[in-house]
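**Student:** Below you'll find the structure I mean.
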Amino acid sequence: MSHDGVGLRAVMRSVAFLTAGALAVPLLAGCGSEDPAGKPLAGPDIAPAARADIADGGTLRWAVDAVPETLNTFQADADAGTTRVAQAVLPSMFRLDKNGRPERDPDYLESAKVVDTEPKQVVLYKLNQQAVWSDGREIGAADFAAQWRALSGKDTAYWTARNAGYERIEKIERGANDLEVKVTFGLPYADWQSLFSPLYPKEVMGSPDSFNDGARRKLKVTAGPFTVKKVDSRDDEVTLTRNPRWWGRPAKLSEIVLRAVPRDQRTAALAAGAVDVAEIDPEAAGRITLAARGRSTPTPLQGAGGRKSADEQTGPGADEKAGTEQKDQQERGASTRTERQQQLLQGFEVRKSLEPAYTQLALNGADGPLADERVRRAVARALDRGALAKAVLKPLGLPTVPVGSHLALSGQAAYADNSSALGGQDTAQAQALLADAGWVPGGPVKEKKGKDAEKAAGPEGGKTEKTEKTEKAEKSRSERDGGSAGADEDGTYIVGEDNKAHREAGREQKQHSGEDSTHLAQDGKQYANQPHQGSAPGAYAPRGTAAPAGAAAAPLAKDGKPLTLRFVLPSGPGSQTLRTVADRITRMLEKVGIRTEISKVADESYFKDHIASGQYDLALYSWPASAFPATDARPIFAKPVPAADGSLNVEQNYTRVGTDQVDQLFDQAAGTLDQDENHSLIRKADSRIWAAAGSIPLYQRPQLTAARKNLVNVGAFGFQTPVYEDMGYLKKGAKPAAGASAGR
């Protein structure tokens with residue numbers, strides 16, 4: 001899980017949980033001739049080139065967020081840098097293709113298949129006979145067995161972050177010869193292809209000490225096209241060099257240097273030649289695109305810039321004018337530097353795709369108004385996901401199709417659009433659900449005294465008191481963008497307290513006309529054309545009269561409390577799009593009478609102190625898509641259960657919304673070896689997750705990568721696992737060709 005610029009620590013905390021009620025869910029369409037998985041919305045954009053056109057040698061300097069704290073991907077503090085190193089230096093039995101589906105890696109496997117199902121599932125791996133570790137030892141059953149024992153969960157001395165699948169293995173033994181590994185499962189396991197990818201040598205997995213500490217800063221034994229030369233924490237670099245014992249196609253590059261560069265410094269690093277490839281934000285992408293076309297970014301007017309008269313230099317206000325002159329000179333200097341930087345960026349281009357991850361709106365169902373499923377469903381049905389998608393992705397030239405599944409993305413085998421289980425945007429339905437839950441438009445709000453005055457409903461009782469500073473900020477905000485919001489100097493906004501129908505209409509007109517799209521393109525992504533579909537029959541029975549659909553509705557109240565939801569967002573510079581998308585969501589909720597209190601918090605505390613601990617009502621964050629959702633997605637949507645100490649074990653289900661039925665479907669999917677049945681069960685589970693309305697998938701995140709124009713087989717990979725040995729620089733006179741194959 002991620003949001004822009006912020007990492008995740010899995011922190012659990014005790015919270016009250018209310019089980020979501022059962023809902024009638026539409027039956028899923030049976031599998032017909034048309035595959036509901038479809039195709040990826042965007043393919044890899046890596047400037048593909050044939051190996052014959054790539055020069056031998058060279059160093060690729062690759063910007064990363066940070067030097068990894070560990071090189072062991074199975075530890076809790078492993079990150080994207082850990083994964084990137086592992087992909088380049090360690091075996092993986094299976095890798096992902098451009099559709100996000102697992103495929104056998106022939107450099108390590110000649111074959112791998114289920115050879116028995118009765119009485120138990122047996123998988124036979126036949127290894128590539130040339131596959132060896134960098135110390136010359138053959139890769140074999142001993143390595144598989146050591147990894148199984150380390151990750152099985154039976155020995156708590158191993159500090160493992162995950163063991164999914166390994167705990168189902170009963171035994172591992174040598175097959176007919178040293179190149180065969182026979183794995184017997186105690187329980188059937190559909191996602192067996194997820195195991196042993198990556199595979200660590202027995203020297204790492206063989207003991208708790210070597211597992212816990214030995215592979216954190218170095219890997220002495222590897223088996224990939226590259227090997228780890230050095231991890232330099234002082235210079236924030238990891239250097240990978242060619243593996244002389246690599247048996248596959250030789251790596252074209254001599255070295256890959258992973259260099260830690262903050263996101264907001266990457267444009268400067270590219271221009272200075274400090275890095276050759278970097279993931280960037282939309283603003284940087286715009287600059288590089290302009291530079292590639294030989295154009296510079298527009299600069300502010302610098303003034304006349306001519307010589308001043310004697311009176312101007314010495315008369316009244318001379319000091320003021322002198323200060324203005326100095327400012328003008330500084331601005332001209334900055335402009336010159338910007339122009340120079342633009343020239344240096346002409347050697348780069350932007351490669352774009354969609355990340356194998358989606359951003360969601362999370363609704364905390366632990367307590368407060370969102371503990372009521374009807375309120376969660378009302379929030380969901382107030383959202384126009386299509387409009388949000390267009391605003392974010394269209395300016396980038398990326399497909400604006402809404403995500404229809406929590407468990408897979410378009411193109412992946414288990415994908416199907418199951419959003420009809422909840423229904424599309426429908427203001428009238430949202431208001432009816434709220435009325436049924438007892439939230440009355442324009443209802444009276446009880447006055448409270450003391451420190452509890454004006455507390456909002458929901459976790460932490462977010463404050464809604466409008467101080468003089470709040471009112472001034474609100475007035476300034478309303479005048480600036482036509483919004484109806486209150487803001488204070490601590491970064492908290494109360495949205496919905498000054499509803500003006502004509503202002504709302506003006507904002508909506510701007511949204512649909514595409515204005516403000518550059519703002520939205522800076523941090524998130526979404527999808528378009530969500531159909532208006534009815535909710536499940538029997539899901540609600542309206543009581544009372546709902547406010548008319550259309551313009552902003554009067555605020556809602558119940559039992560003397562206003563319906564105000566605390567919307568927690570990160571405050572860092574890399575999270576602008578999340579905050580802008582949140583602003584649009586608050587306007588949509590305002591239409592049905594729901595107020596939101598936007599609370600901006602420090603990036604480093606966003607997940608630990610707010611999301612994981614349940615201190616929020618609404619939040620935006622992302623989950624990666626997995627080729628193995630029965631295994632990887634289960635902890636994200638599992639029903640929280642009480643622990644022995646009285647706390648609540650939520651695993652990674654930070655919305656605290658789950659059902660026994662969803663858990664059962666995951667268990668059934670993980671235990672079936674029939675792929676069609678597995679996909680059907682995953683889709684049914686997803687349909688019920690939609691119906692529970694704990695999280696609303698919004699959009700597949702954009703992936704923007706700046707790369708040197710002569711650097712090939714590198715860029716925005718999409719689903720596809722990078723092929724490190726095929727990366728390199730074009731020979732003089734050679735050009736990348738669309739459709740060229742890099743090898744596999």
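Each chain in the structure tokens gets a letter, A, B and so on, in the order shown; residues start at 1 in every chain, and ligands are counted from 1 in the order they appear.
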Need the shell around range 187-203 of chain A: protein/DNA/RNA residues with any atom at most 6 Å away, counting only C-alpha atoms. Skip same-chain ones fewer than 6 positions apart. Format as a ChimeraX atom specification?

**Tutor:** /A:91-93,121,143,146,168,628,670-673

**Student:** Might you pull out every residue within 10 Å of Lys731 in chain A, with only C-alpha atoms counted and same-chain residues fewer than 5 positions away left off, and present them as a PyMOL selection string?

**Tutor:** chain A and resi 52-56+710

**Student:** Residues of the last selection are to be written out with N, CA, C and O atoms, as a PDB file, in the first residue's frame.

**Tutor:**
ATOM      1  N   ALA A  52      20.703  -6.693 -30.377  1.00  0.00           N
ATOM      2  CA  ALA A  52      21.754  -6.424 -31.367  1.00  0.00           C
ATOM      3  C   ALA A  52      22.001  -4.932 -31.566  1.00  0.00           C
ATOM      4  O   ALA A  52      23.078  -4.526 -32.013  1.00  0.00           O
ATOM      5  N   ASP A  53      21.005  -4.104 -31.202  1.00  0.00           N
ATOM      6  CA  ASP A  53      21.142  -2.656 -31.379  1.00  0.00           C
ATOM      7  C   ASP A  53      21.647  -1.950 -30.130  1.00  0.00           C
ATOM      8  O   ASP A  53      21.748  -0.720 -30.102  1.00  0.00           O
ATOM      9  N   ILE A  54      21.965  -2.723 -29.101  1.00  0.00           N
ATOM     10  CA  ILE A  54      22.367  -2.133 -27.822  1.00  0.00           C
ATOM     11  C   ILE A  54      23.873  -2.269 -27.636  1.00  0.00           C
ATOM     12  O   ILE A  54      24.453  -3.339 -27.848  1.00  0.00           O
ATOM     13  N   ALA A  55      24.507  -1.172 -27.242  1.00  0.00           N
ATOM     14  CA  ALA A  55      25.954  -1.170 -27.010  1.00  0.00           C
ATOM     15  C   ALA A  55      26.297  -2.010 -25.792  1.00  0.00           C
ATOM     16  O   ALA A  55      25.497  -2.173 -24.867  1.00  0.00           O
ATOM     17  N   ASP A  56      27.489  -2.541 -25.779  1.00  0.00           N
ATOM     18  CA  ASP A  56      27.969  -3.334 -24.652  1.00  0.00           C
ATOM     19  C   ASP A  56      28.655  -2.411 -23.653  1.00  0.00           C
ATOM     20  O   ASP A  56      29.596  -1.689 -24.000  1.00  0.00           O
ATOM     21  N   ASN A 710      18.324   7.685 -25.549  1.00  0.00           N
ATOM     22  CA  ASN A 710      19.058   6.547 -26.105  1.00  0.00           C
ATOM     23  C   ASN A 710      19.106   5.357 -25.153  1.00  0.00           C
ATOM     24  O   ASN A 710      19.802   4.369 -25.412  1.00  0.00           O
TER      25      ASN A 710
END

**Student:** One decimal, in Å: what's the spacing between CA of Ser410 in chain A and CA of Arg701 in chain A?

**Tutor:** 12.8 Å

**Student:** For Gly658 in chain A, please output as a PyMOL selection string all residues within 9 Å (counting only C-alpha atoms; exclusion window: fewer than 5 positions along the same chain).

**Tutor:** chain A and resi 19-20+637-640+653+663+689+692+694

**Student:** Write the selection just made, keeping all heavy atoms, as a PDB file, in the first residue's frame?

**Tutor:**
ATOM      1  N   THR A  19     -19.936  -5.483  12.567  1.00  0.00           N
ATOM      2  CA  THR A  19     -20.021  -6.297  11.356  1.00  0.00           C
ATOM      3  C   THR A  19     -21.050  -5.736  10.397  1.00  0.00           C
ATOM      4  O   THR A  19     -22.155  -5.394  10.780  1.00  0.00           O
ATOM      5  CB  THR A  19     -20.419  -7.734  11.714  1.00  0.00           C
ATOM      6  OG1 THR A  19     -19.463  -8.249  12.634  1.00  0.00           O
ATOM      7  CG2 THR A  19     -20.456  -8.612  10.476  1.00  0.00           C
ATOM      8  N   ALA A  20     -20.676  -5.660   9.125  1.00  0.00           N
ATOM      9  CA  ALA A  20     -21.609  -5.175   8.111  1.00  0.00           C
ATOM     10  C   ALA A  20     -22.721  -6.195   7.924  1.00  0.00           C
ATOM     11  O   ALA A  20     -22.504  -7.403   7.934  1.00  0.00           O
ATOM     12  CB  ALA A  20     -20.879  -4.954   6.788  1.00  0.00           C
ATOM     13  N   PHE A 637      -8.780  -7.477   3.225  1.00  0.00           N
ATOM     14  CA  PHE A 637     -10.237  -7.454   3.326  1.00  0.00           C
ATOM     15  C   PHE A 637     -10.780  -8.453   4.344  1.00  0.00           C
ATOM     16  O   PHE A 637     -11.994  -8.627   4.459  1.00  0.00           O
ATOM     17  CB  PHE A 637     -10.850  -7.723   1.945  1.00  0.00           C
ATOM     18  CG  PHE A 637     -10.432  -6.699   0.919  1.00  0.00           C
ATOM     19  CD1 PHE A 637      -9.462  -6.994  -0.027  1.00  0.00           C
ATOM     20  CD2 PHE A 637     -10.988  -5.430   0.929  1.00  0.00           C
ATOM     21  CE1 PHE A 637      -9.063  -6.056  -0.962  1.00  0.00           C
ATOM     22  CE2 PHE A 637     -10.592  -4.478   0.004  1.00  0.00           C
ATOM     23  CZ  PHE A 637      -9.629  -4.785  -0.945  1.00  0.00           C
ATOM     24  N   ALA A 638      -9.887  -9.106   5.105  1.00  0.00           N
ATOM     25  CA  ALA A 638     -10.332 -10.091   6.092  1.00  0.00           C
ATOM     26  C   ALA A 638     -11.117  -9.411   7.219  1.00  0.00           C
ATOM     27  O   ALA A 638     -10.796  -8.299   7.647  1.00  0.00           O
ATOM     28  CB  ALA A 638      -9.131 -10.837   6.669  1.00  0.00           C
ATOM     29  N   LYS A 639     -12.126 -10.088   7.704  1.00  0.00           N
ATOM     30  CA  LYS A 639     -12.917  -9.562   8.813  1.00  0.00           C
ATOM     31  C   LYS A 639     -12.050  -9.463  10.066  1.00  0.00           C
ATOM     32  O   LYS A 639     -11.440 -10.451  10.486  1.00  0.00           O
ATOM     33  CB  LYS A 639     -14.107 -10.488   9.072  1.00  0.00           C
ATOM     34  CG  LYS A 639     -14.995 -10.045  10.220  1.00  0.00           C
ATOM     35  CD  LYS A 639     -16.132 -11.040  10.420  1.00  0.00           C
ATOM     36  CE  LYS A 639     -16.976 -10.683  11.628  1.00  0.00           C
ATOM     37  NZ  LYS A 639     -18.078 -11.650  11.822  1.00  0.00           N
ATOM     38  N   PRO A 640     -11.963  -8.277  10.680  1.00  0.00           N
ATOM     39  CA  PRO A 640     -11.178  -8.150  11.911  1.00  0.00           C
ATOM     40  C   PRO A 640     -11.730  -9.060  13.006  1.00  0.00           C
ATOM     41  O   PRO A 640     -12.946  -9.248  13.129  1.00  0.00           O
ATOM     42  CB  PRO A 640     -11.348  -6.673  12.279  1.00  0.00           C
ATOM     43  CG  PRO A 640     -11.649  -5.992  10.979  1.00  0.00           C
ATOM     44  CD  PRO A 640     -12.480  -6.978  10.215  1.00  0.00           C
ATOM     45  N   ASN A 653      -6.515  -4.751   7.042  1.00  0.00           N
ATOM     46  CA  ASN A 653      -7.841  -4.226   6.726  1.00  0.00           C
ATOM     47  C   ASN A 653      -8.068  -2.944   7.523  1.00  0.00           C
ATOM     48  O   ASN A 653      -8.738  -2.934   8.553  1.00  0.00           O
ATOM     49  CB  ASN A 653      -8.915  -5.262   7.051  1.00  0.00           C
ATOM     50  CG  ASN A 653     -10.288  -4.816   6.609  1.00  0.00           C
ATOM     51  OD1 ASN A 653     -10.480  -3.683   6.181  1.00  0.00           O
ATOM     52  ND2 ASN A 653     -11.257  -5.708   6.722  1.00  0.00           N
ATOM     53  N   ASP A 663     -14.427 -13.838   3.739  1.00  0.00           N
ATOM     54  CA  ASP A 663     -13.332 -14.694   4.213  1.00  0.00           C
ATOM     55  C   ASP A 663     -13.470 -16.109   3.652  1.00  0.00           C
ATOM     56  O   ASP A 663     -12.478 -16.725   3.222  1.00  0.00           O
ATOM     57  CB  ASP A 663     -13.323 -14.749   5.737  1.00  0.00           C
ATOM     58  CG  ASP A 663     -12.885 -13.428   6.368  1.00  0.00           C
ATOM     59  OD1 ASP A 663     -12.482 -12.519   5.616  1.00  0.00           O
ATOM     60  OD2 ASP A 663     -12.961 -13.316   7.601  1.00  0.00           O
ATOM     61  N   ILE A 689     -17.331  -7.406  -1.494  1.00  0.00           N
ATOM     62  CA  ILE A 689     -16.539  -6.295  -0.943  1.00  0.00           C
ATOM     63  C   ILE A 689     -17.106  -4.964  -1.423  1.00  0.00           C
ATOM     64  O   ILE A 689     -17.208  -3.996  -0.660  1.00  0.00           O
ATOM     65  CB  ILE A 689     -15.060  -6.446  -1.344  1.00  0.00           C
ATOM     66  CG1 ILE A 689     -14.453  -7.685  -0.667  1.00  0.00           C
ATOM     67  CG2 ILE A 689     -14.264  -5.205  -0.944  1.00  0.00           C
ATOM     68  CD1 ILE A 689     -13.089  -8.078  -1.208  1.00  0.00           C
ATOM     69  N   ALA A 692     -20.272  -4.156   0.598  1.00  0.00           N
ATOM     70  CA  ALA A 692     -20.024  -3.718   1.975  1.00  0.00           C
ATOM     71  C   ALA A 692     -19.556  -2.273   2.044  1.00  0.00           C
ATOM     72  O   ALA A 692     -19.636  -1.643   3.103  1.00  0.00           O
ATOM     73  CB  ALA A 692     -19.001  -4.634   2.636  1.00  0.00           C
ATOM     74  N   GLY A 694     -16.693  -0.686   2.148  1.00  0.00           N
ATOM     75  CA  GLY A 694     -15.620  -0.265   3.047  1.00  0.00           C
ATOM     76  C   GLY A 694     -14.528   0.503   2.327  1.00  0.00           C
ATOM     77  O   GLY A 694     -13.841   1.334   2.926  1.00  0.00           O
TER      78      GLY A 694
END

**Student:** Please, which residues of range 39-154 of chain A, numbered as in this document, come out alpha helix (DSSP H) from DSSP, as a ChimeraX atom specification?

**Tutor:** /A:80-89,141-151

**Student:** Using only C-alpha atoms, which of A:Pro44, A:Gly718, A:Gly248, A:Pro697 sits nearest Ala389 in chain A?

**Tutor:**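 Looking at the shortest contact to Ala389 in chain A, the residue is A:Pro697.
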
**Student:** Which residue gives the smallest distance to Tyr108 in chain A among A:Leu422, A:Ile46, A:Val375, A:Leu179, with only C-alpha atoms counted?

**Tutor:**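 Answer, going by the shortest atom-to-atom distance: A:Leu179.
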
**Student:** Quick one: of A:Ile169, A:Ala553, A:Ala142, A:Asp426, who's nearest to Met205 in chain A, counting only C-alpha atoms?

**Tutor:**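 Answer, going by the shortest atom-to-atom distance: A:Ala142.
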
**Student:** Between A:Arg337, A:Arg84, A:Arg293, A:Lys394, which one has atoms that come closest to Val257 in chain A, using only C-alpha atoms?

**Tutor:** A:Arg84

**Student:** Step one, run DSSP on the backbone; step two, keep only residues of range 99-335 of chain A assigned to strand (DSSP E or B); then write them as a PyMOL selection string.

**Tutor:** chain A and resi 102-104+109-116+122-127+132+138+169-174+180-185+226-232+237-242+255-260+277-279

**Student:** Since we have the selection now, will you write its residues out, keeping C-alpha atoms, as a short mmCIF file (atom, residue, chain, number, x, y, z; two decimals), in the first residue's frame?

**Tutor:**
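For reference, out-v8.cif as written:
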data_model
loop_
_atom_site.label_atom_id
_atom_site.label_comp_id
_atom_site.auth_asym_id
_atom_site.auth_seq_id
_atom_site.Cartn_x
_atom_site.Cartn_y
_atom_site.Cartn_z
CA PRO A 102 2.63 -15.17 -14.00
CA GLU A 103 4.87 -16.84 -16.55
CA ARG A 104 7.72 -19.30 -16.08
CA LEU A 109 12.93 -23.26 -14.83
CA GLU A 110 12.60 -25.79 -17.61
CA SER A 111 9.14 -26.64 -16.28
CA ALA A 112 6.96 -26.44 -13.19
CA LYS A 113 3.57 -28.10 -12.86
CA VAL A 114 1.18 -29.90 -10.56
CA VAL A 115 1.88 -33.60 -11.05
CA ASP A 116 -0.45 -35.00 -8.36
CA VAL A 122 2.52 -32.19 -5.53
CA VAL A 123 4.39 -29.66 -7.67
CA LEU A 124 7.48 -30.75 -9.57
CA TYR A 125 10.06 -28.10 -10.48
CA LYS A 126 12.62 -28.96 -13.16
CA LEU A 127 15.45 -26.45 -12.93
CA VAL A 132 24.09 -21.79 -10.39
CA GLU A 138 23.98 -25.47 -8.23
CA ILE A 169 3.81 -27.01 2.41
CA GLU A 170 4.24 -30.39 4.08
CA LYS A 171 7.65 -31.36 2.72
CA ILE A 172 10.27 -30.57 0.07
CA GLU A 173 12.57 -33.22 -1.36
CA ARG A 174 14.92 -33.94 -4.21
CA GLU A 180 14.30 -31.69 -9.78
CA VAL A 181 12.58 -30.31 -6.68
CA LYS A 182 9.44 -32.01 -5.41
CA VAL A 183 7.11 -29.91 -3.23
CA THR A 184 4.24 -31.64 -1.39
CA PHE A 185 1.44 -29.53 0.09
CA PHE A 226 23.72 -8.76 -11.76
CA THR A 227 25.20 -9.11 -8.31
CA VAL A 228 25.39 -6.69 -5.39
CA LYS A 229 28.73 -4.89 -5.43
CA LYS A 230 28.16 -2.32 -2.71
CA VAL A 231 25.49 -0.79 -0.48
CA ASP A 232 26.72 2.72 0.38
CA GLU A 237 23.68 4.34 -3.43
CA VAL A 238 23.44 0.65 -4.22
CA THR A 239 25.78 -0.55 -6.96
CA LEU A 240 24.96 -3.68 -8.97
CA THR A 241 27.53 -5.14 -11.32
CA ARG A 242 27.51 -7.91 -13.93
CA GLU A 255 26.67 -1.49 -13.78
CA ILE A 256 23.36 -0.29 -12.41
CA VAL A 257 23.56 2.33 -9.67
CA LEU A 258 20.40 2.84 -7.61
CA ARG A 259 20.70 6.38 -6.26
CA ALA A 260 18.39 7.86 -3.62
CA VAL A 277 16.10 7.35 -15.39
CA ALA A 278 13.60 8.37 -12.70
CA GLU A 279 9.94 8.10 -11.88
#

**Student:** Quick one: residues within 9 Å of Gly728 in chain A, only C-alpha atoms counted, chain neighbours fewer than 2 positions away excluded, as a VMD selection string?

**Tutor:** chain A and resid 51 54 to 60 251 to 253 710 to 714 724 to 726 730

**Student:** With N, CA, C and O atoms retained, write the just-selected residues as a CSV table (one decimal), in the first residue's frame.

**Tutor:**
chain,number,residue,atom,x,y,z
A,51,ARG,N,18.4,-6.6,-28.8
A,51,ARG,CA,19.8,-6.7,-28.1
A,51,ARG,C,20.9,-6.3,-29.1
A,51,ARG,O,21.9,-5.7,-28.7
A,54,ILE,N,22.0,-2.7,-29.1
A,54,ILE,CA,22.4,-2.1,-27.8
A,54,ILE,C,23.9,-2.3,-27.6
A,54,ILE,O,24.5,-3.3,-27.8
A,55,ALA,N,24.5,-1.2,-27.2
A,55,ALA,CA,26.0,-1.2,-27.0
A,55,ALA,C,26.3,-2.0,-25.8
A,55,ALA,O,25.5,-2.2,-24.9
A,56,ASP,N,27.5,-2.5,-25.8
A,56,ASP,CA,28.0,-3.3,-24.7
A,56,ASP,C,28.7,-2.4,-23.7
A,56,ASP,O,29.6,-1.7,-24.0
A,57,GLY,N,28.2,-2.4,-22.4
A,57,GLY,CA,28.8,-1.6,-21.4
A,57,GLY,C,28.0,-0.4,-21.0
A,57,GLY,O,26.9,-0.2,-21.6
A,58,GLY,N,28.5,0.4,-20.1
A,58,GLY,CA,27.8,1.6,-19.7
A,58,GLY,C,27.2,1.4,-18.3
A,58,GLY,O,27.0,0.3,-17.8
A,59,THR,N,26.9,2.5,-17.6
A,59,THR,CA,26.3,2.5,-16.3
A,59,THR,C,25.0,3.2,-16.4
A,59,THR,O,24.8,4.3,-17.0
A,60,LEU,N,24.0,2.6,-15.8
A,60,LEU,CA,22.7,3.1,-15.6
A,60,LEU,C,22.5,3.6,-14.2
A,60,LEU,O,22.5,2.9,-13.3
A,251,ALA,N,24.3,-9.5,-19.5
A,251,ALA,CA,23.8,-8.1,-19.3
A,251,ALA,C,24.5,-7.2,-20.2
A,251,ALA,O,25.8,-7.2,-20.4
A,252,LYS,N,23.8,-6.3,-20.8
A,252,LYS,CA,24.4,-5.3,-21.7
A,252,LYS,C,25.1,-4.2,-20.9
A,252,LYS,O,26.1,-3.7,-21.3
A,253,LEU,N,24.5,-3.8,-19.8
A,253,LEU,CA,25.1,-2.8,-18.9
A,253,LEU,C,26.2,-3.4,-18.1
A,253,LEU,O,26.2,-4.5,-17.6
A,710,ASN,N,18.3,7.7,-25.5
A,710,ASN,CA,19.1,6.5,-26.1
A,710,ASN,C,19.1,5.4,-25.2
A,710,ASN,O,19.8,4.4,-25.4
A,711,LEU,N,18.4,5.4,-24.0
A,711,LEU,CA,18.3,4.4,-23.1
A,711,LEU,C,17.1,3.5,-23.4
A,711,LEU,O,16.0,4.0,-23.5
A,712,VAL,N,17.3,2.2,-23.6
A,712,VAL,CA,16.2,1.4,-24.1
A,712,VAL,C,15.9,0.2,-23.1
A,712,VAL,O,16.7,-0.1,-22.3
A,713,ASN,N,14.7,-0.3,-23.4
A,713,ASN,CA,14.2,-1.4,-22.5
A,713,ASN,C,14.1,-1.0,-21.1
A,713,ASN,O,14.2,-1.9,-20.2
A,714,VAL,N,13.8,0.3,-20.8
A,714,VAL,CA,13.7,0.8,-19.5
A,714,VAL,C,12.6,1.9,-19.6
A,714,VAL,O,12.5,2.6,-20.6
A,724,TYR,N,16.4,-7.0,-16.7
A,724,TYR,CA,17.6,-6.2,-16.4
A,724,TYR,C,18.7,-6.4,-17.4
A,724,TYR,O,19.5,-5.5,-17.7
A,725,GLU,N,18.9,-7.7,-17.9
A,725,GLU,CA,20.0,-7.9,-18.8
A,725,GLU,C,19.8,-7.3,-20.1
A,725,GLU,O,20.8,-7.2,-20.9
A,726,ASP,N,18.6,-6.9,-20.5
A,726,ASP,CA,18.4,-6.3,-21.8
A,726,ASP,C,18.4,-4.8,-21.8
A,726,ASP,O,18.2,-4.1,-22.8
A,730,LEU,N,21.6,2.6,-26.8
A,730,LEU,CA,21.7,2.2,-28.2
A,730,LEU,C,23.0,2.5,-28.8
A,730,LEU,O,23.7,3.4,-28.4
